[in-house]
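Okay, so here's the structure we're looking at.
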Amino acid sequence: MKRICAVVIALAFVSEARAGIVYRFESVTETLTSHTFSGTVKADQGNVRIDVASGDGLLFGDGSVVLSSTSGRMVTVLDPSKKTYYDLDVENLLGRAVGALSQFRELVKVEAKNPRVAVRDAGHGGRIESYPTRRSHVVSSFDLVMKMFGEKTPAHVDINTDVWSTDRLPTEFANVMQTSRLRTGIDVVDKLIESQTSSLRGFPLKQVTTTRVTTRGSTTTSTTTSRVTAIRQATVAASEFAVPQGYRKVDNPVDSLLNLTR
């Protein structure tokens with residue numbers, strides 16, 4: 001009987017892991033002003049869809065839809081009101097912008113040095129949305145020197161992050177806002193980001209990141225808190241992850257802006 005129960009429990013767990021899920025995602029950033037990114041996420045078979053309720057007003061507008069796949073780093077952003085879509089390389093957004101500045105290398109230059117990162121297992125994190133979690137604490141920092149039109153502006157950046165993750169949900173169900181390894185185009189910083197993100201495991205249910213930038217004795221602080229709530233199992237139709245017929249492809253906002261600077 002005990003063996004039968006064990007098999008049933010194991011099969012139930014496998015079934016849960018393979019089934020798709022739907023959940024609500026919210027990320028609130030508080031600095032001089034407050035901004036919220038939120039939406040409903042559907043994930044199944046390696047594909048993820050975000051129906052954006054509150055976006056950033058630039059890349060992801062209110063009412064837009066973001067499609068991504070674990071097999072690639074590109075995302076596709078749909079605008080149902082205009083029936084248009086564009087592809088976006090989220091990881092290299094900042095890198096492209098920094099690359100575009102290279103043509104003005106004598107006027108604008110950004111350097112980073114003294115990178116430090118430490119990842120610590122902070123033990124059990126309690127239950128979130130009924131899922132057991134483990135907490136990780138990440139501390140990182142680096143020095144940044146910005147040279148603009150001959151004037152140097154040194155800055156020191158400190159980043160403290162706490163992540164509550166569960167092993168009861170596949171990591172592939174996380175949306176791009178939770179897992180994207182944003183690249184800056186600055187080698188030192190990108191290696192630091194890679195180091196800290198590769199050390200984290202599991203599906204992140206909650207994340208709190210505090211960033212402090214100190215420039216000439218003045219410090220600016222911002223805190224971003226991300227949460228996953230209202231999780232439920234669901235089978236999501238493949239059509240939910242495809243660009244609808246009749247949609248027209250357009251340039252993404254980053255390409256449109258960079259084209260104007262040429």
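In the structure tokens, chains take letters A, B, ... by order of appearance, with residues numbered from 1 within each chain and ligands from 1 in the order shown.
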| request: Can you pull out every residue within 12 Å of stretch 236-245 of chain A, counting only C-alpha atoms, but drop anything in the same chain fewer than 2 positions away, and send it as a VMD selection string? | output: chain A and resid 18 to 22 41 to 51 65 to 69 75 to 80 83 to 87 232 to 234 247 to 249
Just-selected residues, N, CA and C atoms written as a tab-separated table (two decimals), in the first residue's frame:
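Output contents, as saved in out_8.tsv:
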chain	number	residue	atom	x	y	z
A	18	ARG	N	4.16	19.01	-15.59
A	18	ARG	CA	4.01	19.07	-17.04
A	18	ARG	C	2.82	19.90	-17.47
A	19	ALA	N	1.86	20.09	-16.61
A	19	ALA	CA	0.70	20.89	-16.97
A	19	ALA	C	1.10	22.34	-17.08
A	20	GLY	N	0.35	23.10	-17.90
A	20	GLY	CA	0.61	24.52	-18.00
A	20	GLY	C	0.04	25.24	-16.79
A	21	ILE	N	0.40	26.51	-16.64
A	21	ILE	CA	-0.14	27.30	-15.54
A	21	ILE	C	-0.51	28.70	-16.02
A	22	VAL	N	-1.37	29.33	-15.24
A	22	VAL	CA	-1.74	30.73	-15.43
A	22	VAL	C	-1.51	31.42	-14.10
A	41	VAL	N	-0.10	35.99	-16.85
A	41	VAL	CA	0.86	35.16	-17.57
A	41	VAL	C	0.28	33.77	-17.81
A	42	LYS	N	0.43	33.28	-19.04
A	42	LYS	CA	0.06	31.92	-19.40
A	42	LYS	C	1.31	31.20	-19.88
A	43	ALA	N	1.57	30.02	-19.34
A	43	ALA	CA	2.77	29.28	-19.70
A	43	ALA	C	2.45	27.82	-19.93
A	44	ASP	N	2.96	27.27	-21.03
A	44	ASP	CA	2.71	25.86	-21.35
A	44	ASP	C	3.66	25.43	-22.45
A	45	GLN	N	4.20	24.22	-22.33
A	45	GLN	CA	5.02	23.61	-23.37
A	45	GLN	C	6.18	24.51	-23.82
A	46	GLY	N	6.83	25.16	-22.87
A	46	GLY	CA	8.00	25.97	-23.21
A	46	GLY	C	7.67	27.35	-23.77
A	47	ASN	N	6.41	27.71	-23.82
A	47	ASN	CA	6.00	29.02	-24.31
A	47	ASN	C	5.38	29.83	-23.19
A	48	VAL	N	5.58	31.15	-23.24
A	48	VAL	CA	5.05	32.04	-22.21
A	48	VAL	C	4.38	33.25	-22.87
A	49	ARG	N	3.22	33.63	-22.34
A	49	ARG	CA	2.48	34.78	-22.86
A	49	ARG	C	2.12	35.70	-21.69
A	50	ILE	N	2.36	37.01	-21.87
A	50	ILE	CA	1.95	37.99	-20.87
A	50	ILE	C	0.91	38.92	-21.50
A	51	ASP	N	-0.28	38.95	-20.90
A	51	ASP	CA	-1.28	39.94	-21.27
A	51	ASP	C	-1.07	41.13	-20.35
A	65	VAL	N	0.52	42.44	-25.70
A	65	VAL	CA	0.73	41.02	-25.41
A	65	VAL	C	2.19	40.70	-25.72
A	66	VAL	N	2.86	40.03	-24.78
A	66	VAL	CA	4.27	39.67	-24.96
A	66	VAL	C	4.39	38.16	-25.06
A	67	LEU	N	4.97	37.68	-26.17
A	67	LEU	CA	5.15	36.25	-26.40
A	67	LEU	C	6.63	35.91	-26.35
A	68	SER	N	6.96	34.81	-25.69
A	68	SER	CA	8.35	34.36	-25.63
A	68	SER	C	8.41	32.86	-25.57
A	69	SER	N	9.60	32.34	-25.80
A	69	SER	CA	9.81	30.89	-25.78
A	69	SER	C	11.13	30.60	-25.09
A	75	VAL	N	11.64	38.17	-27.91
A	75	VAL	CA	10.23	38.21	-27.56
A	75	VAL	C	9.49	38.92	-28.67
A	76	THR	N	8.20	38.63	-28.79
A	76	THR	CA	7.36	39.29	-29.78
A	76	THR	C	6.28	40.06	-29.03
A	77	VAL	N	6.12	41.33	-29.38
A	77	VAL	CA	5.17	42.19	-28.70
A	77	VAL	C	4.02	42.54	-29.65
A	78	LEU	N	2.81	42.18	-29.25
A	78	LEU	CA	1.63	42.44	-30.08
A	78	LEU	C	0.90	43.69	-29.58
A	79	ASP	N	0.38	44.47	-30.52
A	79	ASP	CA	-0.49	45.60	-30.18
A	79	ASP	C	-1.86	45.31	-30.78
A	80	PRO	N	-2.76	44.71	-30.01
A	80	PRO	CA	-4.08	44.33	-30.55
A	80	PRO	C	-4.89	45.51	-31.07
A	83	LYS	N	-3.24	46.08	-34.44
A	83	LYS	CA	-2.98	44.83	-35.16
A	83	LYS	C	-1.58	44.84	-35.78
A	84	THR	N	-0.60	45.20	-34.94
A	84	THR	CA	0.80	45.19	-35.34
A	84	THR	C	1.60	44.38	-34.32
A	85	TYR	N	2.82	44.04	-34.70
A	85	TYR	CA	3.71	43.34	-33.78
A	85	TYR	C	5.16	43.67	-34.13
A	86	TYR	N	6.03	43.49	-33.15
A	86	TYR	CA	7.46	43.64	-33.42
A	86	TYR	C	8.25	42.67	-32.55
A	87	ASP	N	9.45	42.31	-33.03
A	87	ASP	CA	10.34	41.42	-32.30
A	87	ASP	C	11.32	42.26	-31.51
A	232	ARG	N	-2.65	28.94	-10.99
A	232	ARG	CA	-3.54	27.79	-11.20
A	232	ARG	C	-3.08	27.00	-12.41
A	233	GLN	N	-3.33	25.70	-12.37
A	233	GLN	CA	-2.99	24.85	-13.49
A	233	GLN	C	-3.95	25.07	-14.65
A	234	ALA	N	-3.44	24.97	-15.85
A	234	ALA	CA	-4.28	25.16	-17.03
A	234	ALA	C	-3.57	24.62	-18.26
A	247	TYR	N	-1.99	40.49	-38.62
A	247	TYR	CA	-1.14	41.46	-37.92
A	247	TYR	C	0.03	41.86	-38.81
A	248	ARG	N	0.42	43.14	-38.76
A	248	ARG	CA	1.50	43.67	-39.59
A	248	ARG	C	2.74	43.90	-38.74
A	249	LYS	N	3.91	43.47	-39.26
A	249	LYS	CA	5.15	43.63	-38.54
A	249	LYS	C	5.69	45.05	-38.70
Sorted per-residue table, stretch 52-164 of chain A near stretch 199-220 of chain A, closest atoms and distance, 7 Å, only C-alpha atoms, as CSV:
residue,atom,partner,partner_atom,distance
A:Pro154,CA,A:Thr215,CA,6.2
A:Ala155,CA,A:Thr215,CA,4.6
A:His156,CA,A:Thr214,CA,5.2
A:Val157,CA,A:Val213,CA,4.6
A:Asp158,CA,A:Arg212,CA,5.2
A:Ile159,CA,A:Thr211,CA,4.5
A:Asn160,CA,A:Thr210,CA,5.3
A:Thr161,CA,A:Thr209,CA,4.3
A:Asp162,CA,A:Val208,CA,5.3
A:Val163,CA,A:Gln207,CA,4.5
A:Trp164,CA,A:Lys206,CA,5.1
Just to be explicit: take each residue in the selection above, keep N, CA and C atoms, and write the result as a PDB file, in the first residue's frame.
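After the write, selection.pdb holds the following:
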ATOM      1  N   PRO A 154      32.127  59.907 -11.999  1.00  0.00           N
ATOM      2  CA  PRO A 154      32.259  58.580 -11.365  1.00  0.00           C
ATOM      3  C   PRO A 154      31.004  58.233 -10.568  1.00  0.00           C
ATOM      4  N   ALA A 155      30.683  56.950 -10.529  1.00  0.00           N
ATOM      5  CA  ALA A 155      29.524  56.485  -9.762  1.00  0.00           C
ATOM      6  C   ALA A 155      29.825  55.112  -9.186  1.00  0.00           C
ATOM      7  N   HIS A 156      29.242  54.830  -8.030  1.00  0.00           N
ATOM      8  CA  HIS A 156      29.359  53.500  -7.424  1.00  0.00           C
ATOM      9  C   HIS A 156      27.961  52.905  -7.325  1.00  0.00           C
ATOM     10  N   VAL A 157      27.817  51.664  -7.784  1.00  0.00           N
ATOM     11  CA  VAL A 157      26.514  51.004  -7.824  1.00  0.00           C
ATOM     12  C   VAL A 157      26.497  49.805  -6.881  1.00  0.00           C
ATOM     13  N   ASP A 158      25.545  49.785  -5.946  1.00  0.00           N
ATOM     14  CA  ASP A 158      25.339  48.654  -5.040  1.00  0.00           C
ATOM     15  C   ASP A 158      23.962  48.054  -5.313  1.00  0.00           C
ATOM     16  N   ILE A 159      23.901  46.734  -5.471  1.00  0.00           N
ATOM     17  CA  ILE A 159      22.634  46.054  -5.748  1.00  0.00           C
ATOM     18  C   ILE A 159      22.451  44.914  -4.750  1.00  0.00           C
ATOM     19  N   ASN A 160      21.355  44.945  -4.015  1.00  0.00           N
ATOM     20  CA  ASN A 160      21.018  43.877  -3.067  1.00  0.00           C
ATOM     21  C   ASN A 160      19.705  43.227  -3.490  1.00  0.00           C
ATOM     22  N   THR A 161      19.716  41.925  -3.655  1.00  0.00           N
ATOM     23  CA  THR A 161      18.534  41.209  -4.136  1.00  0.00           C
ATOM     24  C   THR A 161      18.224  40.007  -3.255  1.00  0.00           C
ATOM     25  N   ASP A 162      16.955  39.868  -2.895  1.00  0.00           N
ATOM     26  CA  ASP A 162      16.468  38.675  -2.207  1.00  0.00           C
ATOM     27  C   ASP A 162      15.472  37.986  -3.124  1.00  0.00           C
ATOM     28  N   VAL A 163      15.646  36.682  -3.314  1.00  0.00           N
ATOM     29  CA  VAL A 163      14.779  35.907  -4.205  1.00  0.00           C
ATOM     30  C   VAL A 163      14.197  34.732  -3.442  1.00  0.00           C
ATOM     31  N   TRP A 164      12.867  34.575  -3.517  1.00  0.00           N
ATOM     32  CA  TRP A 164      12.178  33.421  -2.936  1.00  0.00           C
ATOM     33  C   TRP A 164      11.745  32.516  -4.088  1.00  0.00           C
TER      34      TRP A 164
END
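Here atom CA of A:Arg116 stands at a distance of 8.0 Å from atom CA of A:Val139.
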| request: Would you list, as a ChimeraX atom specification, the residues of stretch 160-216 of chain A that end up in alpha helix (DSSP H) under DSSP run on this structure's backbone? | output: /A:176-179,187-197
For the selection just defined, write its residues with N, CA, C and O atoms to a file, as a PDB file, in the first residue's frame.
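Below is the file result_30.pdb, written as the result:
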ATOM      1  N   VAL A 176       9.563  36.614 -18.972  1.00  0.00           N
ATOM      2  CA  VAL A 176      10.805  37.297 -19.327  1.00  0.00           C
ATOM      3  C   VAL A 176      11.185  38.370 -18.316  1.00  0.00           C
ATOM      4  O   VAL A 176      12.359  38.682 -18.130  1.00  0.00           O
ATOM      5  N   MET A 177      10.209  38.931 -17.616  1.00  0.00           N
ATOM      6  CA  MET A 177      10.509  39.946 -16.614  1.00  0.00           C
ATOM      7  C   MET A 177      11.172  39.342 -15.372  1.00  0.00           C
ATOM      8  O   MET A 177      11.816  40.032 -14.597  1.00  0.00           O
ATOM      9  N   GLN A 178      11.027  38.044 -15.182  1.00  0.00           N
ATOM     10  CA  GLN A 178      11.624  37.368 -14.030  1.00  0.00           C
ATOM     11  C   GLN A 178      13.008  36.817 -14.339  1.00  0.00           C
ATOM     12  O   GLN A 178      13.853  36.747 -13.456  1.00  0.00           O
ATOM     13  N   THR A 179      13.234  36.422 -15.590  1.00  0.00           N
ATOM     14  CA  THR A 179      14.431  35.649 -15.893  1.00  0.00           C
ATOM     15  C   THR A 179      15.387  36.298 -16.870  1.00  0.00           C
ATOM     16  O   THR A 179      16.492  35.816 -17.041  1.00  0.00           O
ATOM     17  N   ASP A 187      31.357  44.954 -20.712  1.00  0.00           N
ATOM     18  CA  ASP A 187      31.815  43.591 -20.421  1.00  0.00           C
ATOM     19  C   ASP A 187      31.857  43.266 -18.934  1.00  0.00           C
ATOM     20  O   ASP A 187      31.379  42.218 -18.503  1.00  0.00           O
ATOM     21  N   VAL A 188      32.405  44.156 -18.119  1.00  0.00           N
ATOM     22  CA  VAL A 188      32.534  43.904 -16.679  1.00  0.00           C
ATOM     23  C   VAL A 188      31.170  43.703 -16.034  1.00  0.00           C
ATOM     24  O   VAL A 188      30.970  42.780 -15.232  1.00  0.00           O
ATOM     25  N   VAL A 189      30.222  44.559 -16.376  1.00  0.00           N
ATOM     26  CA  VAL A 189      28.883  44.473 -15.790  1.00  0.00           C
ATOM     27  C   VAL A 189      28.155  43.225 -16.276  1.00  0.00           C
ATOM     28  O   VAL A 189      27.479  42.541 -15.499  1.00  0.00           O
ATOM     29  N   ASP A 190      28.305  42.899 -17.553  1.00  0.00           N
ATOM     30  CA  ASP A 190      27.617  41.726 -18.099  1.00  0.00           C
ATOM     31  C   ASP A 190      28.112  40.432 -17.459  1.00  0.00           C
ATOM     32  O   ASP A 190      27.326  39.508 -17.213  1.00  0.00           O
ATOM     33  N   LYS A 191      29.398  40.341 -17.182  1.00  0.00           N
ATOM     34  CA  LYS A 191      29.935  39.153 -16.508  1.00  0.00           C
ATOM     35  C   LYS A 191      29.398  39.049 -15.089  1.00  0.00           C
ATOM     36  O   LYS A 191      29.129  37.949 -14.591  1.00  0.00           O
ATOM     37  N   LEU A 192      29.231  40.181 -14.430  1.00  0.00           N
ATOM     38  CA  LEU A 192      28.679  40.185 -13.072  1.00  0.00           C
ATOM     39  C   LEU A 192      27.233  39.693 -13.095  1.00  0.00           C
ATOM     40  O   LEU A 192      26.819  38.881 -12.266  1.00  0.00           O
ATOM     41  N   ILE A 193      26.439  40.187 -14.046  1.00  0.00           N
ATOM     42  CA  ILE A 193      25.037  39.766 -14.177  1.00  0.00           C
ATOM     43  C   ILE A 193      24.952  38.266 -14.450  1.00  0.00           C
ATOM     44  O   ILE A 193      24.147  37.550 -13.848  1.00  0.00           O
ATOM     45  N   GLU A 194      25.807  37.794 -15.344  1.00  0.00           N
ATOM     46  CA  GLU A 194      25.822  36.365 -15.681  1.00  0.00           C
ATOM     47  C   GLU A 194      26.166  35.524 -14.456  1.00  0.00           C
ATOM     48  O   GLU A 194      25.564  34.474 -14.208  1.00  0.00           O
ATOM     49  N   SER A 195      27.102  36.003 -13.668  1.00  0.00           N
ATOM     50  CA  SER A 195      27.544  35.265 -12.488  1.00  0.00           C
ATOM     51  C   SER A 195      26.427  35.111 -11.466  1.00  0.00           C
ATOM     52  O   SER A 195      26.219  34.034 -10.909  1.00  0.00           O
ATOM     53  N   GLN A 196      25.682  36.195 -11.220  1.00  0.00           N
ATOM     54  CA  GLN A 196      24.653  36.109 -10.184  1.00  0.00           C
ATOM     55  C   GLN A 196      23.416  35.363 -10.659  1.00  0.00           C
ATOM     56  O   GLN A 196      22.808  34.609  -9.892  1.00  0.00           O
ATOM     57  N   THR A 197      23.017  35.523 -11.918  1.00  0.00           N
ATOM     58  CA  THR A 197      21.813  34.855 -12.395  1.00  0.00           C
ATOM     59  C   THR A 197      22.025  33.350 -12.566  1.00  0.00           C
ATOM     60  O   THR A 197      21.105  32.560 -12.351  1.00  0.00           O
TER      61      THR A 197
END
| request: Can you pull out every residue within 9 Å of A:Glu129, counting only C-alpha atoms, but drop anything in the same chain fewer than 6 positions away, and send it as a list of chain:residue names? | output: A:Leu205, A:Val228, A:Thr229, A:Ala230, A:Ile231
Residues from last step as file, all heavy atoms, as a PDB file, in the first residue's frame:
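What ended up in again09.pdb:
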ATOM      1  N   LEU A 205       9.090  33.175  -7.038  1.00  0.00           N
ATOM      2  CA  LEU A 205       7.749  33.620  -6.665  1.00  0.00           C
ATOM      3  C   LEU A 205       7.746  35.053  -6.139  1.00  0.00           C
ATOM      4  O   LEU A 205       6.736  35.756  -6.220  1.00  0.00           O
ATOM      5  CB  LEU A 205       7.166  32.695  -5.600  1.00  0.00           C
ATOM      6  CG  LEU A 205       6.772  31.295  -6.072  1.00  0.00           C
ATOM      7  CD1 LEU A 205       6.497  30.391  -4.889  1.00  0.00           C
ATOM      8  CD2 LEU A 205       5.554  31.354  -6.988  1.00  0.00           C
ATOM      9  N   VAL A 228       4.491  36.863  -7.764  1.00  0.00           N
ATOM     10  CA  VAL A 228       3.632  35.984  -8.546  1.00  0.00           C
ATOM     11  C   VAL A 228       2.486  35.551  -7.644  1.00  0.00           C
ATOM     12  O   VAL A 228       2.709  35.079  -6.530  1.00  0.00           O
ATOM     13  CB  VAL A 228       4.402  34.757  -9.053  1.00  0.00           C
ATOM     14  CG1 VAL A 228       3.451  33.729  -9.650  1.00  0.00           C
ATOM     15  CG2 VAL A 228       5.445  35.171 -10.086  1.00  0.00           C
ATOM     16  N   THR A 229       1.248  35.726  -8.114  1.00  0.00           N
ATOM     17  CA  THR A 229       0.078  35.365  -7.311  1.00  0.00           C
ATOM     18  C   THR A 229      -0.953  34.644  -8.187  1.00  0.00           C
ATOM     19  O   THR A 229      -0.817  34.582  -9.408  1.00  0.00           O
ATOM     20  CB  THR A 229      -0.577  36.617  -6.689  1.00  0.00           C
ATOM     21  OG1 THR A 229      -0.954  37.524  -7.745  1.00  0.00           O
ATOM     22  CG2 THR A 229       0.369  37.331  -5.748  1.00  0.00           C
ATOM     23  N   ALA A 230      -1.993  34.150  -7.529  1.00  0.00           N
ATOM     24  CA  ALA A 230      -3.140  33.530  -8.208  1.00  0.00           C
ATOM     25  C   ALA A 230      -2.716  32.458  -9.208  1.00  0.00           C
ATOM     26  O   ALA A 230      -3.169  32.432 -10.358  1.00  0.00           O
ATOM     27  CB  ALA A 230      -3.984  34.604  -8.908  1.00  0.00           C
ATOM     28  N   ILE A 231      -1.870  31.539  -8.766  1.00  0.00           N
ATOM     29  CA  ILE A 231      -1.373  30.477  -9.645  1.00  0.00           C
ATOM     30  C   ILE A 231      -2.400  29.359  -9.768  1.00  0.00           C
ATOM     31  O   ILE A 231      -2.940  28.895  -8.771  1.00  0.00           O
ATOM     32  CB  ILE A 231      -0.068  29.889  -9.087  1.00  0.00           C
ATOM     33  CG1 ILE A 231       0.962  30.993  -8.849  1.00  0.00           C
ATOM     34  CG2 ILE A 231       0.496  28.829 -10.023  1.00  0.00           C
ATOM     35  CD1 ILE A 231       2.171  30.527  -8.062  1.00  0.00           C
TER      36      ILE A 231
END
| task | Tell me which protein, DNA and RNA residues are within 8 Å of A:Asn114, counting only C-alpha atoms, leaving out same-chain ones fewer than 5 positions away, and put them as a list in words. | result |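 Counting only the stated atoms, we get Ser141, Phe142 and Asp143 of chain A.
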Determine which residues of stretch 86-233 of chain A receive a DSSP assignment of strand (DSSP E or B), computed from the backbone, and state them as a PDB file with C-alpha atoms, in the first residue's frame.
ATOM      1  CA  TYR A  86       7.465  43.639 -33.419  1.00  0.00           C
ATOM      2  CA  ASP A  87      10.339  41.421 -32.299  1.00  0.00           C
ATOM      3  CA  LEU A  88      12.564  42.512 -29.457  1.00  0.00           C
ATOM      4  CA  ASP A  89      15.884  41.235 -28.150  1.00  0.00           C
ATOM      5  CA  VAL A 108      30.711  59.711 -24.788  1.00  0.00           C
ATOM      6  CA  LYS A 109      32.420  56.792 -23.056  1.00  0.00           C
ATOM      7  CA  VAL A 110      31.259  54.415 -20.304  1.00  0.00           C
ATOM      8  CA  GLU A 111      33.602  52.200 -18.305  1.00  0.00           C
ATOM      9  CA  ALA A 112      33.062  49.832 -15.382  1.00  0.00           C
ATOM     10  CA  LYS A 113      35.531  48.274 -12.964  1.00  0.00           C
ATOM     11  CA  ASN A 114      35.849  46.540  -9.570  1.00  0.00           C
ATOM     12  CA  PRO A 115      32.907  44.129  -9.985  1.00  0.00           C
ATOM     13  CA  ARG A 116      31.912  42.105  -6.922  1.00  0.00           C
ATOM     14  CA  VAL A 117      29.153  39.548  -6.481  1.00  0.00           C
ATOM     15  CA  ALA A 118      28.226  37.136  -3.699  1.00  0.00           C
ATOM     16  CA  VAL A 119      25.290  34.723  -3.646  1.00  0.00           C
ATOM     17  CA  ARG A 120      24.199  33.226  -0.318  1.00  0.00           C
ATOM     18  CA  ASP A 121      21.602  30.565   0.466  1.00  0.00           C
ATOM     19  CA  ALA A 122      19.450  32.190   3.150  1.00  0.00           C
ATOM     20  CA  GLY A 123      17.571  28.995   3.994  1.00  0.00           C
ATOM     21  CA  HIS A 124      13.877  28.226   3.944  1.00  0.00           C
ATOM     22  CA  GLY A 125      11.751  31.148   2.819  1.00  0.00           C
ATOM     23  CA  GLY A 126       8.384  29.906   4.053  1.00  0.00           C
ATOM     24  CA  ARG A 127       5.361  29.306   1.842  1.00  0.00           C
ATOM     25  CA  ILE A 128       4.230  31.683  -0.890  1.00  0.00           C
ATOM     26  CA  TYR A 131       4.415  26.630  -2.431  1.00  0.00           C
ATOM     27  CA  PRO A 132       7.478  25.989  -0.227  1.00  0.00           C
ATOM     28  CA  THR A 133      10.323  28.361  -1.070  1.00  0.00           C
ATOM     29  CA  ARG A 134      14.018  28.780  -0.536  1.00  0.00           C
ATOM     30  CA  ARG A 135      15.493  32.220  -0.134  1.00  0.00           C
ATOM     31  CA  SER A 136      18.662  33.450  -1.839  1.00  0.00           C
ATOM     32  CA  HIS A 137      20.478  36.684  -1.067  1.00  0.00           C
ATOM     33  CA  VAL A 138      22.608  38.328  -3.764  1.00  0.00           C
ATOM     34  CA  VAL A 139      24.942  41.271  -3.155  1.00  0.00           C
ATOM     35  CA  SER A 140      26.762  42.892  -6.070  1.00  0.00           C
ATOM     36  CA  SER A 141      28.541  46.151  -6.793  1.00  0.00           C
ATOM     37  CA  PHE A 142      30.744  47.906  -9.325  1.00  0.00           C
ATOM     38  CA  ASP A 143      32.250  51.288 -10.105  1.00  0.00           C
ATOM     39  CA  LEU A 144      31.068  53.173 -13.154  1.00  0.00           C
ATOM     40  CA  VAL A 145      32.841  56.045 -14.921  1.00  0.00           C
ATOM     41  CA  MET A 146      30.913  58.047 -17.482  1.00  0.00           C
ATOM     42  CA  LYS A 147      32.844  60.424 -19.687  1.00  0.00           C
ATOM     43  CA  MET A 148      30.646  62.873 -21.559  1.00  0.00           C
ATOM     44  CA  GLU A 151      33.849  65.579 -18.252  1.00  0.00           C
ATOM     45  CA  LYS A 152      34.136  62.459 -16.078  1.00  0.00           C
ATOM     46  CA  THR A 153      31.323  61.436 -13.727  1.00  0.00           C
ATOM     47  CA  PRO A 154      32.259  58.580 -11.365  1.00  0.00           C
ATOM     48  CA  ALA A 155      29.524  56.485  -9.762  1.00  0.00           C
ATOM     49  CA  HIS A 156      29.359  53.500  -7.424  1.00  0.00           C
ATOM     50  CA  VAL A 157      26.514  51.004  -7.824  1.00  0.00           C
ATOM     51  CA  ASP A 158      25.339  48.654  -5.040  1.00  0.00           C
ATOM     52  CA  ILE A 159      22.634  46.054  -5.748  1.00  0.00           C
ATOM     53  CA  ASN A 160      21.018  43.877  -3.067  1.00  0.00           C
ATOM     54  CA  THR A 161      18.534  41.209  -4.136  1.00  0.00           C
ATOM     55  CA  ASP A 162      16.468  38.675  -2.207  1.00  0.00           C
ATOM     56  CA  VAL A 163      14.779  35.907  -4.205  1.00  0.00           C
ATOM     57  CA  TRP A 164      12.178  33.421  -2.936  1.00  0.00           C
ATOM     58  CA  SER A 165      12.076  30.438  -5.330  1.00  0.00           C
ATOM     59  CA  THR A 166      10.263  27.118  -5.416  1.00  0.00           C
ATOM     60  CA  PHE A 203      10.866  29.366 -10.154  1.00  0.00           C
ATOM     61  CA  PRO A 204      10.983  32.842  -8.530  1.00  0.00           C
ATOM     62  CA  LEU A 205       7.749  33.620  -6.665  1.00  0.00           C
ATOM     63  CA  LYS A 206       9.001  36.832  -5.091  1.00  0.00           C
ATOM     64  CA  GLN A 207      11.981  39.089  -5.661  1.00  0.00           C
ATOM     65  CA  VAL A 208      13.061  42.322  -3.979  1.00  0.00           C
ATOM     66  CA  THR A 209      15.933  44.320  -5.497  1.00  0.00           C
ATOM     67  CA  THR A 210      17.340  47.522  -4.026  1.00  0.00           C
ATOM     68  CA  THR A 211      19.759  49.530  -6.159  1.00  0.00           C
ATOM     69  CA  ARG A 212      21.826  52.415  -4.820  1.00  0.00           C
ATOM     70  CA  VAL A 213      23.784  54.686  -7.148  1.00  0.00           C
ATOM     71  CA  THR A 214      26.198  57.094  -5.476  1.00  0.00           C
ATOM     72  CA  THR A 215      27.575  59.969  -7.523  1.00  0.00           C
ATOM     73  CA  SER A 218      24.692  61.969  -3.560  1.00  0.00           C
ATOM     74  CA  THR A 219      22.855  58.628  -3.458  1.00  0.00           C
ATOM     75  CA  THR A 220      19.762  57.644  -5.409  1.00  0.00           C
ATOM     76  CA  THR A 221      17.880  54.535  -4.256  1.00  0.00           C
ATOM     77  CA  SER A 222      15.286  52.460  -6.096  1.00  0.00           C
ATOM     78  CA  THR A 223      13.519  49.305  -4.944  1.00  0.00           C
ATOM     79  CA  THR A 224      11.728  46.848  -7.218  1.00  0.00           C
ATOM     80  CA  THR A 225       9.410  44.224  -5.729  1.00  0.00           C
ATOM     81  CA  SER A 226       8.088  41.465  -7.981  1.00  0.00           C
ATOM     82  CA  ARG A 227       5.425  38.941  -7.002  1.00  0.00           C
ATOM     83  CA  VAL A 228       3.632  35.984  -8.546  1.00  0.00           C
ATOM     84  CA  THR A 229       0.078  35.365  -7.311  1.00  0.00           C
ATOM     85  CA  ALA A 230      -3.140  33.530  -8.208  1.00  0.00           C
ATOM     86  CA  ILE A 231      -1.373  30.477  -9.645  1.00  0.00           C
ATOM     87  CA  ARG A 232      -3.544  27.793 -11.199  1.00  0.00           C
ATOM     88  CA  GLN A 233      -2.987  24.846 -13.494  1.00  0.00           C
TER      89      GLN A 233
END
| message | When you count only C-alpha atoms, which of these residues is closest to A:Asn175: A:Leu58, A:Arg73, A:Leu32, A:Val254? | response | A:Arg73
| Any idea what the distance is between atom CA of A:His35 and atom CA of A:Gly55? |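 Separating atom CA of A:His35 from atom CA of A:Gly55 is a distance of 9.0 Å.
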| said: For a test of reading the model, state the distance in Å between atom CA of A:Phe25 and atom CA of A:Glu172, rounded to one decimal. | reply: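 Between these atoms lies a distance of 14.9 Å.
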